[in-house]
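Have a look at protein-v7.csv; it's CSV, C-alpha atoms:
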```
chain,number,residue,atom,x,y,z
A,1,MET,CA,-82.6,57.9,-43.7
A,2,LEU,CA,-84.9,60.9,-44.2
A,3,SER,CA,-88.5,60.3,-43.4
A,4,VAL,CA,-90.9,60.2,-46.4
A,5,LEU,CA,-92.2,63.7,-45.4
A,6,ALA,CA,-88.7,65.1,-45.1
A,7,LEU,CA,-87.8,63.7,-48.5
A,8,ILE,CA,-90.9,65.3,-50.0
A,9,LEU,CA,-90.3,68.7,-48.4
A,10,SER,CA,-86.6,68.7,-49.3
A,11,LEU,CA,-87.3,68.2,-52.9
A,12,SER,CA,-90.5,70.1,-53.5
A,13,GLY,CA,-89.6,73.3,-51.6
A,14,GLY,CA,-92.0,72.5,-48.8
A,15,THR,CA,-95.0,71.4,-50.8
A,16,SER,CA,-96.1,67.8,-51.2
A,17,PRO,CA,-96.1,66.6,-54.8
A,18,SER,CA,-99.6,65.3,-54.2
A,19,THR,CA,-100.8,68.9,-53.7
A,20,ALA,CA,-98.6,70.7,-56.2
A,21,MET,CA,-98.5,70.6,-59.9
A,22,SER,CA,-95.4,68.8,-61.3
A,23,THR,CA,-92.9,70.7,-63.3
A,24,ASP,CA,-92.0,69.1,-66.7
A,25,VAL,CA,-88.3,68.7,-67.3
A,26,ASP,CA,-86.1,66.8,-69.8
A,27,VAL,CA,-84.4,64.8,-67.1
A,28,GLU,CA,-84.6,64.2,-63.3
A,29,LEU,CA,-81.0,63.6,-62.4
A,30,ILE,CA,-79.7,62.8,-58.9
A,31,LEU,CA,-75.9,62.8,-58.3
A,32,ALA,CA,-75.0,60.1,-55.8
A,33,VAL,CA,-71.3,60.8,-54.9
A,34,ASP,CA,-69.1,58.3,-53.1
A,35,MET,CA,-67.2,59.7,-50.1
A,36,SER,CA,-66.2,56.4,-48.5
A,37,GLY,CA,-63.1,56.1,-46.4
A,38,SER,CA,-61.2,54.2,-49.2
A,39,MET,CA,-60.9,57.6,-50.9
A,40,ASP,CA,-58.3,59.9,-49.4
A,41,LEU,CA,-59.1,63.5,-48.9
A,42,ASP,CA,-57.2,64.6,-52.0
A,43,GLU,CA,-59.2,62.3,-54.2
A,44,ALA,CA,-62.4,63.4,-52.5
A,45,ARG,CA,-61.5,67.1,-53.2
A,46,ILE,CA,-60.6,66.3,-56.8
A,47,GLN,CA,-63.9,64.4,-57.3
A,48,ARG,CA,-65.9,67.3,-55.8
A,49,ALA,CA,-64.1,69.8,-58.0
A,50,GLY,CA,-64.8,67.6,-61.0
A,51,TYR,CA,-68.6,67.9,-60.4
A,52,VAL,CA,-68.4,71.6,-59.8
A,53,GLU,CA,-66.4,72.2,-62.9
A,54,ALA,CA,-68.6,70.0,-65.0
A,55,LEU,CA,-71.8,71.8,-63.9
A,56,ARG,CA,-70.3,75.1,-65.1
A,57,HIS,CA,-68.8,73.8,-68.4
A,58,ARG,CA,-70.2,74.9,-71.7
A,59,ASP,CA,-70.6,71.4,-72.9
A,60,PHE,CA,-73.0,70.6,-70.0
A,61,LEU,CA,-74.9,73.8,-70.6
A,62,ASP,CA,-75.2,73.1,-74.3
A,63,ALA,CA,-76.6,69.7,-73.5
A,64,VAL,CA,-79.2,71.2,-71.2
A,65,GLU,CA,-80.2,73.9,-73.7
A,66,SER,CA,-80.5,71.4,-76.5
A,67,GLY,CA,-83.1,69.3,-74.7
A,68,GLN,CA,-86.7,69.1,-75.8
A,69,LEU,CA,-87.7,71.5,-72.9
A,70,GLY,CA,-84.3,73.0,-72.3
A,71,LYS,CA,-84.4,72.4,-68.6
A,72,ILE,CA,-83.5,69.6,-66.2
A,73,ALA,CA,-84.1,69.0,-62.5
A,74,ILE,CA,-80.9,68.0,-60.6
A,75,GLY,CA,-80.1,67.0,-57.0
A,76,TYR,CA,-77.0,65.8,-55.1
A,77,PHE,CA,-76.0,63.8,-52.1
A,78,GLU,CA,-72.9,62.0,-50.8
A,79,TRP,CA,-72.8,58.5,-49.4
A,80,ALA,CA,-70.5,55.9,-47.9
A,81,GLY,CA,-71.8,53.1,-45.6
A,82,THR,CA,-74.9,55.3,-45.2
A,83,VAL,CA,-76.1,58.4,-46.9
A,84,ASN,CA,-74.8,61.6,-45.4
A,85,GLU,CA,-78.1,63.4,-45.0
A,86,SER,CA,-76.4,66.8,-44.3
A,87,SER,CA,-74.9,66.5,-47.8
A,88,VAL,CA,-78.2,66.6,-49.6
A,89,VAL,CA,-78.5,69.5,-52.0
A,90,ALA,CA,-82.2,69.8,-52.8
A,91,TRP,CA,-83.6,69.7,-56.3
A,92,GLN,CA,-83.0,72.7,-58.5
A,93,VAL,CA,-84.2,73.4,-62.1
A,94,ILE,CA,-81.3,74.2,-64.4
A,95,SER,CA,-82.0,76.0,-67.7
A,96,THR,CA,-79.4,78.7,-67.7
A,97,ALA,CA,-75.7,79.2,-66.9
A,98,ALA,CA,-76.7,81.2,-63.8
A,99,ASP,CA,-78.9,78.2,-62.5
A,100,ALA,CA,-76.0,75.8,-63.0
A,101,ASP,CA,-73.5,78.1,-61.3
A,102,ALA,CA,-75.9,78.5,-58.3
A,103,PHE,CA,-76.2,74.8,-57.9
A,104,ALA,CA,-72.4,74.3,-58.3
A,105,LYS,CA,-71.8,76.9,-55.5
A,106,LEU,CA,-74.0,74.9,-53.1
A,107,ILE,CA,-71.9,71.8,-53.7
A,108,GLU,CA,-68.7,73.8,-53.6
A,109,ALA,CA,-69.5,75.3,-50.3
A,110,ARG,CA,-69.9,71.9,-48.5
A,111,PRO,CA,-67.0,70.6,-46.3
A,112,VAL,CA,-65.1,67.7,-47.8
A,113,GLY,CA,-65.0,64.6,-45.6
A,114,THR,CA,-65.1,60.8,-45.9
A,115,ARG,CA,-67.0,58.2,-44.0
A,116,ARG,CA,-66.7,54.4,-43.4
A,117,GLY,CA,-68.2,51.7,-45.5
A,118,THR,CA,-69.5,51.4,-49.1
A,119,SER,CA,-73.2,50.8,-49.5
A,120,ILE,CA,-74.2,51.3,-53.1
A,121,SER,CA,-77.5,49.7,-52.3
A,122,ASN,CA,-78.3,52.4,-49.7
A,123,ALA,CA,-77.3,55.1,-52.2
A,124,ILE,CA,-79.6,53.7,-54.9
A,125,THR,CA,-82.5,53.2,-52.5
A,126,TYR,CA,-82.0,56.8,-51.3
A,127,GLY,CA,-81.8,58.2,-54.8
A,128,THR,CA,-84.9,56.3,-55.8
A,129,ALA,CA,-86.8,57.8,-52.9
A,130,LEU,CA,-85.6,61.3,-53.9
A,131,ILE,CA,-86.8,60.9,-57.4
A,132,ASP,CA,-90.1,59.3,-56.5
A,133,SER,CA,-91.0,62.0,-54.0
A,134,ASN,CA,-90.0,65.1,-56.0
A,135,ALA,CA,-92.2,67.6,-57.7
A,136,PHE,CA,-90.9,67.0,-61.3
A,137,ASN,CA,-92.1,65.1,-64.3
A,138,GLY,CA,-89.0,64.1,-66.3
A,139,ILE,CA,-88.9,62.5,-69.7
A,140,ARG,CA,-86.1,60.5,-68.2
A,141,ARG,CA,-85.2,59.7,-64.6
A,142,VAL,CA,-81.5,59.0,-63.8
A,143,ILE,CA,-79.4,58.1,-60.7
A,144,ASP,CA,-75.7,58.9,-61.4
A,145,VAL,CA,-73.6,56.8,-58.9
A,146,SER,CA,-69.9,57.2,-58.5
A,147,GLY,CA,-67.9,54.6,-56.5
A,148,ASP,CA,-64.4,53.2,-55.8
A,149,GLY,CA,-65.4,49.8,-54.5
A,150,PRO,CA,-68.1,47.1,-54.5
A,151,ASN,CA,-71.1,47.1,-52.1
A,152,ASN,CA,-69.8,45.8,-48.7
A,153,ILE,CA,-72.4,46.9,-46.2
A,154,GLY,CA,-76.2,47.2,-46.0
A,155,PRO,CA,-78.6,45.3,-48.2
A,156,PRO,CA,-77.3,43.5,-51.4
A,157,VAL,CA,-77.1,45.8,-54.4
A,158,ILE,CA,-79.1,43.8,-56.9
A,159,PRO,CA,-82.6,44.2,-55.2
A,160,ALA,CA,-82.0,47.9,-54.9
A,161,ARG,CA,-81.1,48.2,-58.5
A,162,GLU,CA,-84.1,46.1,-59.7
A,163,THR,CA,-86.5,48.3,-57.6
A,164,ALA,CA,-85.1,51.4,-59.2
A,165,ILE,CA,-85.4,50.0,-62.7
A,166,ALA,CA,-89.0,48.9,-62.0
A,167,ARG,CA,-89.7,52.5,-61.1
A,168,GLY,CA,-88.6,53.7,-64.5
A,169,ILE,CA,-85.2,54.9,-63.3
A,170,THR,CA,-81.9,54.4,-65.2
A,171,ILE,CA,-78.7,53.9,-63.1
A,172,ASN,CA,-75.4,55.0,-64.6
A,173,GLY,CA,-72.0,54.5,-63.0
A,174,LEU,CA,-68.6,56.2,-62.6
A,175,ALA,CA,-66.2,53.5,-61.5
A,176,ILE,CA,-63.2,55.0,-59.7
A,177,LEU,CA,-60.1,52.8,-60.5
A,178,ILE,CA,-57.4,55.0,-59.2
A,179,ARG,CA,-56.4,52.3,-56.6
A,180,PRO,CA,-57.9,49.1,-58.1
A,181,SER,CA,-58.3,46.1,-55.7
A,182,VAL,CA,-57.1,42.8,-57.0
A,183,SER,CA,-59.3,40.9,-54.5
A,184,THR,CA,-62.6,42.3,-55.8
A,185,GLY,CA,-61.9,42.1,-59.6
A,186,PRO,CA,-62.3,44.9,-62.2
A,187,LEU,CA,-64.6,47.5,-60.7
A,188,ASP,CA,-65.9,48.8,-64.0
A,189,GLN,CA,-67.0,45.2,-64.8
A,190,TYR,CA,-68.7,45.0,-61.4
A,191,TYR,CA,-70.6,48.2,-62.0
A,192,ALA,CA,-71.6,47.0,-65.5
A,193,GLU,CA,-73.0,43.7,-64.2
A,194,CYS,CA,-74.2,44.5,-60.7
A,195,VAL,CA,-75.0,48.2,-60.4
A,196,ILE,CA,-76.1,50.0,-63.6
A,197,GLY,CA,-79.4,49.2,-65.3
A,198,GLY,CA,-82.3,50.6,-67.2
A,199,PRO,CA,-82.7,52.0,-70.7
A,200,GLY,CA,-79.4,53.4,-72.1
A,201,SER,CA,-77.4,52.7,-68.9
A,202,PHE,CA,-73.6,52.9,-69.0
A,203,VAL,CA,-70.5,53.0,-66.8
A,204,LEU,CA,-67.4,55.2,-67.3
A,205,PRO,CA,-64.1,54.4,-65.7
A,206,VAL,CA,-61.7,56.9,-64.0
A,207,HIS,CA,-58.1,55.6,-63.9
A,208,GLU,CA,-56.2,58.7,-62.7
A,209,PRO,CA,-57.1,61.7,-60.5
A,210,GLU,CA,-56.7,64.1,-63.4
A,211,ASP,CA,-59.4,62.1,-65.3
A,212,PHE,CA,-62.2,63.0,-62.9
A,213,SER,CA,-63.1,66.3,-64.4
A,214,ILE,CA,-63.3,65.0,-68.0
A,215,ALA,CA,-65.1,61.8,-67.1
A,216,ILE,CA,-67.7,63.5,-64.9
A,217,ARG,CA,-68.4,66.1,-67.6
A,218,GLN,CA,-68.7,63.4,-70.2
A,219,LYS,CA,-71.1,61.5,-68.1
A,220,LEU,CA,-73.3,64.5,-67.3
A,221,VAL,CA,-73.5,65.5,-70.9
A,222,LEU,CA,-74.5,62.0,-71.9
A,223,GLU,CA,-77.1,61.8,-69.2
A,224,VAL,CA,-78.6,65.1,-70.0
A,225,SER,CA,-78.6,64.6,-73.8
A,226,GLY,CA,-79.8,61.0,-73.6
A,227,LEU,CA,-76.8,59.8,-75.7
A,228,GLN,CA,-74.6,56.9,-75.0
A,229,PRO,CA,-70.8,56.5,-75.0
A,230,PRO,CA,-69.2,54.5,-77.8
A,231,PRO,CA,-69.5,50.8,-77.1
A,232,SER,CA,-66.5,49.1,-75.6
A,233,VAL,CA,-65.4,45.7,-77.0
A,234,ARG,CA,-64.6,42.8,-74.6
A,235,LEU,CA,-63.9,39.3,-75.8
A,236,ALA,CA,-66.6,36.8,-74.8
A,237,ASP,CA,-65.5,34.8,-71.7
A,238,ALA,CA,-62.4,37.0,-71.4
A,239,LEU,CA,-63.2,37.6,-67.7
A,240,PRO,CA,-65.5,35.6,-65.4
A,241,ALA,CA,-68.8,37.1,-64.4
A,242,SER,CA,-68.6,39.5,-61.5
A,243,ASP,CA,-69.7,38.2,-58.1
A,244,CYS,CA,-72.3,40.8,-57.0
A,245,LEU,CA,-71.7,39.8,-53.3
A,246,ILE,CA,-67.9,40.0,-53.5
A,247,GLY,CA,-67.7,43.1,-51.2
A,248,GLU,CA,-69.9,41.5,-48.6
A,249,LYS,CA,-68.0,38.2,-48.8
A,250,LEU,CA,-64.7,40.0,-47.9
A,251,ARG,CA,-66.1,41.4,-44.7
A,252,PRO,CA,-65.4,39.4,-41.5
A,253,GLY,CA,-68.2,37.2,-40.4
A,254,PHE,CA,-70.0,37.0,-43.8
A,255,LEU,CA,-70.7,33.3,-43.5
A,256,ASP,CA,-72.0,33.8,-39.9
A,257,ARG,CA,-74.4,36.4,-41.1
A,258,VAL,CA,-75.7,34.4,-44.1
A,259,TYR,CA,-75.6,31.0,-42.5
A,260,PRO,CA,-76.0,31.6,-38.7
A,261,GLU,CA,-76.7,27.9,-38.2
A,262,LEU,CA,-73.0,27.2,-38.9
A,263,ASP,CA,-72.1,28.8,-35.6
A,264,LYS,CA,-74.3,26.5,-33.6
```

I'd like the structure from this file rewritten - as structure tokens, please.
Amino acid sequence: MLSVLALILSLSGGTSPSTAMSTDVDVELILAVDMSGSMDLDEARIQRAGYVEALRHRDFLDAVESGQLGKIAIGYFEWAGTVNESSVVAWQVISTAADADAFAKLIEARPVGTRRGTSISNAITYGTALIDSNAFNGIRRVIDVSGDGPNNIGPPVIPARETAIARGITINGLAILIRPSVSTGPLDQYYAECVIGGPGSFVLPVHEPEDFSIAIRQKLVLEVSGLQPPPSVRLADALPASDCLIGEKLRPGFLDRVYPELDK
């Protein structure tokens, strides 16, 4: 994890928010992108291309320009079992197509690689720190989390989510269902019940690789504009509630870690 000082410097251009005037923006948006090993390199590349394309799309730019202030602050990082600190793209104000293109180029230039583990909790905690330590004052504060599996390493996800919400941050999700796991249940339901939260939070599913670009663009437009997707209808009790520890429980030695006395 970055130190507090490093977080502040990375997001404020070298100036502590305590000594610099905050810049007002419509949204403080951090993109937390899953690059765990359960995604193959082709999927990782398609996901990366989806973010780059979405940032350059006219729909995204229209959403930015139509805001109350007409500008947003945006940052980016990739995560798996831990956050890949070298993947952090520092906060940038976007108010024009040139701004968006410059930010997209920084993401596009990064090497594509996957890592082991899936820690949504670490991603949320890291994103919360990035938002709290930046030099911006957003009308809304949003962490945008993509993922293709439940939390299975690091702290439980619920406390991380609740801490972010308590800080006035909304968490939205992009549930990647290209290779759904039967053992962990519907991932979009898990995200809806265990990951997202805060005012206007939502989750969008991705079922096919070719859906990445459209889903990412739709999500960014909704987050920037403050709108919500049409409500989905699910019959009451159609599915059992998600187990927010299902990922951890499927890891070897779960009971030994939770109940070490059983091993005595």

Output as a Markdown table one row per residue of range 66-148 of chain A within 10 Å of range 220-223 of chain A: the closest atom pair and its distance in Å to one decimal place, counting all atoms listed in the file, sorted by chain and residue number ascending.
```
| residue | atom | partner | partner_atom | distance |
| --- | --- | --- | --- | --- |
| A:Arg140 | CA | A:Glu223 | CA | 9.1 |
| A:Arg141 | CA | A:Glu223 | CA | 9.5 |
| A:Val142 | CA | A:Glu223 | CA | 7.5 |
| A:Ile143 | CA | A:Glu223 | CA | 9.6 |
| A:Asp144 | CA | A:Glu223 | CA | 8.4 |
```

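Going from CA of Leu69 in chain A over to CA of Val25 in chain A, you cover 6.3 Å.
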
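Closest to Arg45 in chain A among A:Lys219, A:Arg110, A:Lys105, A:Lys71 is A:Arg110, based on all atoms listed in the file.
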
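Summary of the local environment: counting only C-alpha atoms, residues at most 8 Å from range 78-85 of chain A, other than itself and those fewer than 4 positions away along its chain, are Met1, Leu2, Ala32, Val33, Asp34, Met35, Ser36, Gly37, Thr114, Arg115, Arg116, Gly117, Thr118, Ser119, Ile120, Asn122, Ala123, Tyr126, Ile153 and Gly154 of chain A.
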
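Counting from CA of Glu28 in chain A, the distance to CA of Ala104 in chain A is 16.6 Å.
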
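Take the candidates A:Val195, A:Ile165, A:Ile72, A:Ile171 and check each one against Asp243 in chain A using all atoms listed in the file; the shortest distance goes to A:Val195.
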
Interatomic distance between CA of Glu53 in chain A and CA of Gln218 in chain A?
11.7 Å

Check the smallest atom-to-atom distance from each of A:Glu65, A:Tyr76, A:Ile46, A:Gly70 to Ile139 in chain A using all atoms listed in the file, then report the winner.
A:Gly70

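Among A:Gln189, A:Val112, A:Gly226, A:Gly197, the residue with the shortest atom-to-atom distance to Pro159 in chain A, counting all atoms listed in the file, is A:Gly197.
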
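Take the candidates A:Asp188, A:Glu193, A:Asp148, A:Asp132 and check each one against Ala44 in chain A using only C-alpha atoms; the shortest distance goes to A:Asp148.
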
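With only the atoms specified (only C-alpha atoms) counting, those residues at most 8 Å away from (-78.7, 66.5, -59.6) are Glu28, Leu29, Ile30, Leu31, Ala73, Ile74, Gly75, Tyr76, Trp91 and Gln92 of chain A.
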
Which of these residues is nearest to Phe212 in chain A, using only C-alpha atoms: A:Ala100, A:Val52, A:Cys244, A:Met21?
A:Val52
